[in-house]
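Structure file target_19.csv with CSV, N, CA and C atoms:
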chain,number,residue,atom,x,y,z
P,679,MET,N,-144.1,128.1,-52.7
P,679,MET,CA,-143.1,129.1,-52.4
P,679,MET,C,-143.9,130.4,-52.1
P,680,SER,N,-143.5,131.0,-51.0
P,680,SER,CA,-144.2,132.2,-50.6
P,680,SER,C,-143.5,133.4,-51.3
P,681,THR,N,-144.2,134.4,-51.8
P,681,THR,CA,-143.6,135.6,-52.3
P,681,THR,C,-143.9,136.8,-51.5
P,682,ALA,N,-144.4,136.5,-50.2
P,682,ALA,CA,-144.7,137.6,-49.3
P,682,ALA,C,-143.5,138.3,-48.9
P,683,ARG,N,-143.6,139.6,-48.8
P,683,ARG,CA,-142.4,140.4,-48.5
P,683,ARG,C,-142.5,140.9,-47.0
P,684,LYS,N,-141.5,140.8,-46.3
P,684,LYS,CA,-141.5,141.4,-44.9
P,684,LYS,C,-140.9,142.8,-45.0
P,685,ASP,N,-141.5,143.7,-44.3
P,685,ASP,CA,-141.0,145.0,-44.2
P,685,ASP,C,-140.0,145.0,-43.0
P,686,VAL,N,-138.8,145.6,-43.3
P,686,VAL,CA,-137.8,145.6,-42.2
P,686,VAL,C,-137.5,147.1,-41.9
P,687,GLU,N,-137.5,147.4,-40.7
P,687,GLU,CA,-137.2,148.8,-40.3
P,687,GLU,C,-135.7,148.9,-40.0
P,688,LEU,N,-135.1,149.7,-40.8
P,688,LEU,CA,-133.6,149.9,-40.6
P,688,LEU,C,-133.4,151.1,-39.7
P,689,GLN,N,-132.5,150.9,-38.8
P,689,GLN,CA,-132.1,152.1,-38.0
P,689,GLN,C,-130.7,152.4,-38.4
P,690,SER,N,-130.5,153.7,-38.6
P,690,SER,CA,-129.1,154.1,-39.0
P,690,SER,C,-128.6,155.2,-38.0
P,691,GLU,N,-127.3,155.3,-37.9
P,691,GLU,CA,-126.7,156.3,-37.1
P,691,GLU,C,-125.5,156.8,-37.9
P,692,ARG,N,-125.4,158.1,-37.9
P,692,ARG,CA,-124.3,158.8,-38.7
P,692,ARG,C,-123.0,158.7,-37.9
P,693,PHE,N,-121.9,158.4,-38.6
P,693,PHE,CA,-120.6,158.3,-38.0
P,693,PHE,C,-119.7,159.2,-38.7
P,694,SER,N,-118.7,159.8,-38.0
P,694,SER,CA,-117.7,160.6,-38.7
P,694,SER,C,-116.3,159.9,-38.3
P,695,PHE,N,-115.5,159.9,-39.3
P,695,PHE,CA,-114.2,159.2,-39.1
P,695,PHE,C,-113.1,160.3,-39.4
P,696,ALA,N,-112.0,160.2,-38.7
P,696,ALA,CA,-110.9,161.1,-38.8
P,696,ALA,C,-110.1,160.9,-40.2
P,697,GLY,N,-110.2,159.7,-40.7
P,697,GLY,CA,-109.5,159.5,-42.0
P,697,GLY,C,-108.1,159.1,-41.8
P,698,THR,N,-107.8,158.6,-40.6
P,698,THR,CA,-106.4,158.1,-40.3
P,698,THR,C,-106.5,156.7,-39.7
P,699,GLY,N,-105.4,156.0,-39.9
P,699,GLY,CA,-105.4,154.6,-39.4
P,699,GLY,C,-104.0,154.0,-39.7
P,700,GLU,N,-104.0,152.7,-39.7
P,700,GLU,CA,-102.8,152.0,-40.0
P,700,GLU,C,-103.0,150.8,-40.9
P,701,ILE,N,-102.0,150.4,-41.6
P,701,ILE,CA,-102.1,149.3,-42.5
P,701,ILE,C,-102.2,148.0,-41.7
P,702,TYR,N,-103.3,147.3,-41.9
P,702,TYR,CA,-103.6,146.0,-41.2
P,702,TYR,C,-103.0,144.8,-42.1
P,703,SER,N,-103.2,144.9,-43.4
P,703,SER,CA,-102.6,144.0,-44.3
P,703,SER,C,-102.6,144.6,-45.7
P,704,TYR,N,-101.8,144.0,-46.6
P,704,TYR,CA,-101.7,144.6,-48.0
P,704,TYR,C,-101.3,143.6,-49.0
P,705,THR,N,-101.5,143.9,-50.2
P,705,THR,CA,-101.0,143.1,-51.3
P,705,THR,C,-100.8,144.0,-52.5
P,706,THR,N,-99.9,143.7,-53.4
P,706,THR,CA,-99.6,144.4,-54.6
P,706,THR,C,-100.2,143.6,-55.8
P,707,LEU,N,-101.0,144.3,-56.6
P,707,LEU,CA,-101.7,143.6,-57.7
P,707,LEU,C,-100.8,143.8,-58.9
P,708,MET,N,-100.3,142.8,-59.5
P,708,MET,CA,-99.5,142.8,-60.7
P,708,MET,C,-100.4,142.6,-62.0
P,709,GLU,N,-101.5,141.8,-61.8
P,709,GLU,CA,-102.5,141.6,-62.9
P,709,GLU,C,-103.8,142.1,-62.4
P,710,PRO,N,-104.1,143.3,-62.6
P,710,PRO,CA,-105.4,143.9,-62.0
P,710,PRO,C,-106.6,143.5,-62.8
P,711,PRO,N,-107.8,143.8,-62.3
P,711,PRO,CA,-109.0,143.5,-63.0
P,711,PRO,C,-109.2,144.4,-64.2
P,712,GLU,N,-110.1,144.0,-65.1
P,712,GLU,CA,-110.3,144.8,-66.3
P,712,GLU,C,-110.7,146.2,-65.9
P,713,GLY,N,-110.1,147.1,-66.7
P,713,GLY,CA,-110.4,148.5,-66.5
P,713,GLY,C,-109.3,149.2,-65.6
P,714,PHE,N,-108.5,148.4,-65.0
P,714,PHE,CA,-107.4,149.0,-64.1
P,714,PHE,C,-106.0,148.6,-64.6
P,715,GLU,N,-105.9,148.1,-65.8
P,715,GLU,CA,-104.6,147.7,-66.3
P,715,GLU,C,-103.6,148.8,-66.3
P,716,ASN,N,-104.0,150.0,-66.6
P,716,ASN,CA,-103.1,151.1,-66.7
P,716,ASN,C,-102.5,151.6,-65.4
P,717,GLN,N,-103.1,151.1,-64.3
P,717,GLN,CA,-102.6,151.4,-63.0
P,717,GLN,C,-101.6,150.4,-62.4
P,718,ALA,N,-101.5,149.3,-63.0
P,718,ALA,CA,-100.7,148.2,-62.5
P,718,ALA,C,-99.2,148.5,-62.6
P,719,PRO,N,-98.4,148.1,-61.6
P,719,PRO,CA,-98.8,147.4,-60.4
P,719,PRO,C,-99.3,148.5,-59.4
P,720,TYR,N,-100.3,148.1,-58.5
P,720,TYR,CA,-100.7,149.0,-57.4
P,720,TYR,C,-101.0,148.2,-56.2
P,721,THR,N,-101.0,148.9,-55.1
P,721,THR,CA,-101.1,148.2,-53.8
P,721,THR,C,-102.5,148.5,-53.2
P,722,LEU,N,-103.1,147.4,-52.8
P,722,LEU,CA,-104.4,147.5,-52.0
P,722,LEU,C,-104.1,147.1,-50.6
P,723,ALA,N,-104.8,147.7,-49.7
P,723,ALA,CA,-104.6,147.5,-48.3
P,723,ALA,C,-105.9,147.4,-47.5
P,724,LEU,N,-105.8,146.7,-46.4
P,724,LEU,CA,-106.9,146.7,-45.4
P,724,LEU,C,-106.4,147.8,-44.4
P,725,ILE,N,-107.2,148.8,-44.2
P,725,ILE,CA,-106.8,149.9,-43.3
P,725,ILE,C,-107.6,149.8,-42.1
P,726,LYS,N,-107.0,149.7,-40.9
P,726,LYS,CA,-107.7,149.8,-39.6
P,726,LYS,C,-107.8,151.2,-39.2
P,727,LEU,N,-109.0,151.8,-39.3
P,727,LEU,CA,-109.2,153.2,-39.0
P,727,LEU,C,-109.0,153.4,-37.4
P,728,ASP,N,-108.6,154.6,-37.0
P,728,ASP,CA,-108.3,154.8,-35.6
P,728,ASP,C,-109.6,154.6,-34.8
P,729,GLU,N,-110.8,154.7,-35.4
P,729,GLU,CA,-112.0,154.5,-34.7
P,729,GLU,C,-112.4,153.0,-34.6
P,730,GLY,N,-111.6,152.1,-35.3
P,730,GLY,CA,-111.9,150.7,-35.2
P,730,GLY,C,-112.2,149.9,-36.4
P,731,PRO,N,-113.1,150.4,-37.3
P,731,PRO,CA,-113.5,149.7,-38.5
P,731,PRO,C,-112.3,149.4,-39.4
P,732,ILE,N,-112.4,148.4,-40.2
P,732,ILE,CA,-111.4,148.0,-41.2
P,732,ILE,C,-112.0,148.2,-42.6
P,733,ILE,N,-111.3,149.0,-43.5
P,733,ILE,CA,-111.8,149.2,-44.8
P,733,ILE,C,-110.7,148.8,-45.8
P,734,THR,N,-111.1,148.6,-47.1
P,734,THR,CA,-110.2,148.3,-48.1
P,734,THR,C,-110.0,149.6,-48.9
P,735,ALA,N,-108.7,149.8,-49.3
P,735,ALA,CA,-108.4,151.0,-50.0
P,735,ALA,C,-107.1,150.8,-50.8
P,736,GLN,N,-107.0,151.6,-51.9
P,736,GLN,CA,-105.7,151.6,-52.7
P,736,GLN,C,-104.8,152.5,-52.0
P,737,LEU,N,-103.5,152.2,-51.9
P,737,LEU,CA,-102.5,153.1,-51.4
P,737,LEU,C,-101.9,153.9,-52.5
P,738,THR,N,-101.6,155.2,-52.2
P,738,THR,CA,-101.1,156.1,-53.2
P,738,THR,C,-99.9,156.9,-52.6
P,739,ASP,N,-99.2,157.6,-53.5
P,739,ASP,CA,-98.0,158.4,-53.1
P,739,ASP,C,-97.0,157.6,-52.3
P,740,LEU,N,-96.7,156.4,-52.8
P,740,LEU,CA,-95.7,155.6,-52.1
P,740,LEU,C,-94.3,155.9,-52.7
P,741,ASP,N,-93.4,156.2,-51.8
P,741,ASP,CA,-92.0,156.4,-52.2
P,741,ASP,C,-91.1,155.3,-51.9
P,742,GLY,N,-91.6,154.3,-51.1
P,742,GLY,CA,-90.8,153.1,-50.8
P,742,GLY,C,-91.7,152.0,-50.4
P,743,PRO,N,-91.1,151.0,-49.7
P,743,PRO,CA,-91.9,149.8,-49.3
P,743,PRO,C,-92.9,150.2,-48.2
P,744,VAL,N,-94.0,149.4,-48.1
P,744,VAL,CA,-94.9,149.6,-47.1
P,744,VAL,C,-94.8,148.5,-46.1
P,745,ALA,N,-95.3,148.7,-44.9
P,745,ALA,CA,-95.3,147.6,-43.9
P,745,ALA,C,-96.5,147.6,-43.0
P,746,ILE,N,-96.9,146.5,-42.6
P,746,ILE,CA,-98.1,146.4,-41.6
P,746,ILE,C,-97.7,147.3,-40.4
P,747,GLY,N,-98.7,148.1,-40.1
P,747,GLY,CA,-98.5,149.0,-38.9
P,747,GLY,C,-98.2,150.4,-39.3
P,748,ASP,N,-97.8,150.6,-40.6
P,748,ASP,CA,-97.5,152.0,-41.1
P,748,ASP,C,-98.8,152.9,-40.9
P,749,ARG,N,-98.6,154.1,-40.5
P,749,ARG,CA,-99.7,155.1,-40.4
P,749,ARG,C,-100.0,155.6,-41.7
P,750,VAL,N,-101.3,155.8,-42.0
P,750,VAL,CA,-101.8,156.3,-43.3
P,750,VAL,C,-102.9,157.3,-43.0
P,751,GLU,N,-103.2,158.1,-44.1
P,751,GLU,CA,-104.2,159.1,-44.0
P,751,GLU,C,-105.0,159.1,-45.3
P,752,MET,N,-106.3,159.4,-45.2
P,752,MET,CA,-107.2,159.3,-46.4
P,752,MET,C,-107.0,160.6,-47.2
P,753,VAL,N,-107.0,160.4,-48.6
P,753,VAL,CA,-106.9,161.5,-49.5
P,753,VAL,C,-107.9,161.3,-50.6
P,754,THR,N,-108.3,162.3,-51.3
P,754,THR,CA,-109.2,162.2,-52.5
P,754,THR,C,-108.3,162.2,-53.7
P,755,ARG,N,-108.6,161.2,-54.6
P,755,ARG,CA,-107.8,161.0,-55.8
P,755,ARG,C,-108.7,160.6,-56.9
P,756,LYS,N,-108.2,160.8,-58.1
P,756,LYS,CA,-108.9,160.4,-59.3
P,756,LYS,C,-108.9,158.8,-59.3
P,757,LEU,N,-110.1,158.2,-59.6
P,757,LEU,CA,-110.1,156.7,-59.6
P,757,LEU,C,-110.1,156.3,-61.1
P,758,THR,N,-110.9,156.9,-61.9
P,758,THR,CA,-111.1,156.5,-63.3
P,758,THR,C,-111.7,157.6,-64.1
P,759,THR,N,-111.7,157.4,-65.4
P,759,THR,CA,-112.4,158.3,-66.4
P,759,THR,C,-113.4,157.4,-67.1
P,760,GLU,N,-114.7,157.9,-67.1
P,760,GLU,CA,-115.8,157.0,-67.7
P,760,GLU,C,-116.5,157.7,-68.9
P,761,GLY,N,-117.0,156.9,-69.8
P,761,GLY,CA,-117.9,157.5,-70.8
P,761,GLY,C,-117.2,158.2,-71.9
P,762,SER,N,-118.0,158.5,-72.9
P,762,SER,CA,-117.4,159.2,-74.1
P,762,SER,C,-117.0,160.6,-73.9
P,763,GLN,N,-117.6,161.2,-72.8
P,763,GLN,CA,-117.3,162.6,-72.5
P,763,GLN,C,-116.2,162.7,-71.5
P,764,GLY,N,-115.7,161.6,-71.0
P,764,GLY,CA,-114.5,161.6,-70.1
P,764,GLY,C,-114.9,162.0,-68.7
P,765,MET,N,-116.0,161.6,-68.1
P,765,MET,CA,-116.4,162.0,-66.8
P,765,MET,C,-115.3,161.4,-65.8
P,766,ILE,N,-114.8,162.3,-65.0
P,766,ILE,CA,-113.8,161.9,-64.0
P,766,ILE,C,-114.5,161.4,-62.7
P,767,VAL,N,-114.1,160.3,-62.2
P,767,VAL,CA,-114.7,159.7,-61.0
P,767,VAL,C,-113.6,159.8,-59.9
P,768,TYR,N,-113.9,160.5,-58.8
P,768,TYR,CA,-113.0,160.7,-57.7
P,768,TYR,C,-113.5,159.8,-56.5
P,769,GLY,N,-112.5,159.4,-55.7
P,769,GLY,CA,-112.8,158.6,-54.5
P,769,GLY,C,-111.7,158.7,-53.5
P,770,TYR,N,-111.8,157.8,-52.5
P,770,TYR,CA,-110.7,157.9,-51.5
P,770,TYR,C,-109.6,156.9,-51.7
P,771,LYS,N,-108.4,157.2,-51.4
P,771,LYS,CA,-107.3,156.3,-51.3
P,771,LYS,C,-106.6,156.7,-50.0
P,772,PHE,N,-105.5,156.0,-49.6
P,772,PHE,CA,-104.7,156.3,-48.5
P,772,PHE,C,-103.3,156.4,-48.8
P,773,ARG,N,-102.6,157.3,-48.2
P,773,ARG,CA,-101.2,157.6,-48.4
P,773,ARG,C,-100.5,157.5,-47.0
P,774,PRO,N,-99.1,157.4,-47.0
P,774,PRO,CA,-98.4,157.5,-45.7
P,774,PRO,C,-98.7,158.8,-45.1
P,775,VAL,N,-98.8,158.9,-43.8
P,775,VAL,CA,-99.0,160.2,-43.1
P,775,VAL,C,-97.8,161.1,-43.4
P,776,LEU,N,-98.1,162.3,-43.8
P,776,LEU,CA,-97.1,163.3,-44.1
P,776,LEU,C,-96.7,164.0,-42.8
P,777,ALA,N,-95.4,164.3,-42.7
P,777,ALA,CA,-94.9,165.0,-41.5
P,777,ALA,C,-95.5,166.4,-41.5
P,778,ARG,N,-96.0,166.9,-40.4
P,778,ARG,CA,-96.6,168.2,-40.3
P,778,ARG,C,-95.6,169.2,-39.7
P,779,SER,N,-95.6,170.4,-40.3
P,779,SER,CA,-94.7,171.4,-39.8
P,779,SER,C,-95.6,172.2,-38.8
P,780,GLU,N,-95.0,172.6,-37.7
P,780,GLU,CA,-95.7,173.3,-36.7
P,780,GLU,C,-95.2,174.7,-36.5

Any chance you could put this one into structure tokens?
Amino acid sequence: MSTARKDVELQSERFSFAGTGEIYSYTTLMEPPEGFENQAPYTLALIKLDEGPIITAQLTDLDGPVAIGDRVEMVTRKLTTEGSQGMIVYGYKFRPVLARSE
């Protein structure tokens, strides 16, 4: 068995996303994984961003049922609190697009 390592050159390109898209698919978790019990039930969705990629995200700020094709926008929300000092971890979630006043 060879333990030789091949060096791989990675090329990267920076992308910016608008943070908007539509619900591609979704499910509501009634029995969440360990550490998320206090958030149940909650809805996870596949979000198809306007630029094309599909990402997984929790839906938040839901006032009613969701449907495939609903427009959503990214928001920053508290994900969890960790450690003995209560460090708050923030991340992204998606909510229904809010009506904008002009």

Neighbouring residues of region 687-701 of chain P were defined as those with any atom within 8 Å, considering only C-alpha atoms; residues of the same chain fewer than 6 positions away were excluded. Please report them as a ChimeraX atom specification.
/P:723-729,745-752

Can you list, as a list of chain:residue names, every protein, DNA or RNA residue that comes within 5 Å of Pro719 (chain P) when you count all atoms listed in the file, leaving out same-chain residues fewer than 2 positions away?
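What passes the distance filter is P:Leu707, P:Met708, P:Gln717, P:Thr721.
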
Using only C-alpha atoms, find the one residue out of P:Met765, P:Arg773, P:Pro710, P:Ser703 that sits nearest to Ile733 (chain P).
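Closest to Ile733 (chain P), using only C-alpha atoms: P:Ser703.
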
Suppose you want the space between CA of Arg778 (chain P) and CA of Leu740 (chain P); what is it in Å?
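That distance, rounded to one decimal, is 17.3 Å.
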
For CA of Phe714 (chain P) and atom C of Gln763 (chain P), the interatomic separation in Å (one decimal)
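Going from CA of Phe714 (chain P) over to atom C of Gln763 (chain P) covers 17.9 Å.
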
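Of the listed residues P:Thr754, P:Thr738, P:Thr759, P:Thr706, the one whose atoms come nearest to Leu722 (chain P) is P:Thr706, with distances taken using only C-alpha atoms.
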
Between CA of Ala735 (chain P) and CA of Gly761 (chain P), what is the distance, to one decimal in Å?
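Going from CA of Ala735 (chain P) over to CA of Gly761 (chain P) covers 23.8 Å.
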
Where in chain P does DSSP assign strand (DSSP E or B), given as a ChimeraX atom specification?
/P:698-707,720-727,732-737,749-760,765-774

Selected residue, from P:Leu757, P:Glu709, P:Arg683, P:Lys771, that lies nearest to Leu737 (chain P) when counting all atoms listed in the file
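The shortest atom-to-atom distance to Leu737 (chain P) comes from P:Lys771.
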
Let me make sure I understand: among P:Ala682, P:Pro774, P:Glu760, P:Thr705, which one has the smallest atom-to-atom distance to Asp741 (chain P) if we use all atoms listed in the file?
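Nearest to Asp741 (chain P): P:Pro774.
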
Between P:Arg755, P:Pro743, P:Asp685, P:Pro711, which is the closest to Gly769 (chain P) once you count only C-alpha atoms?
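Among the listed residues, P:Arg755 lies closest to Gly769 (chain P).
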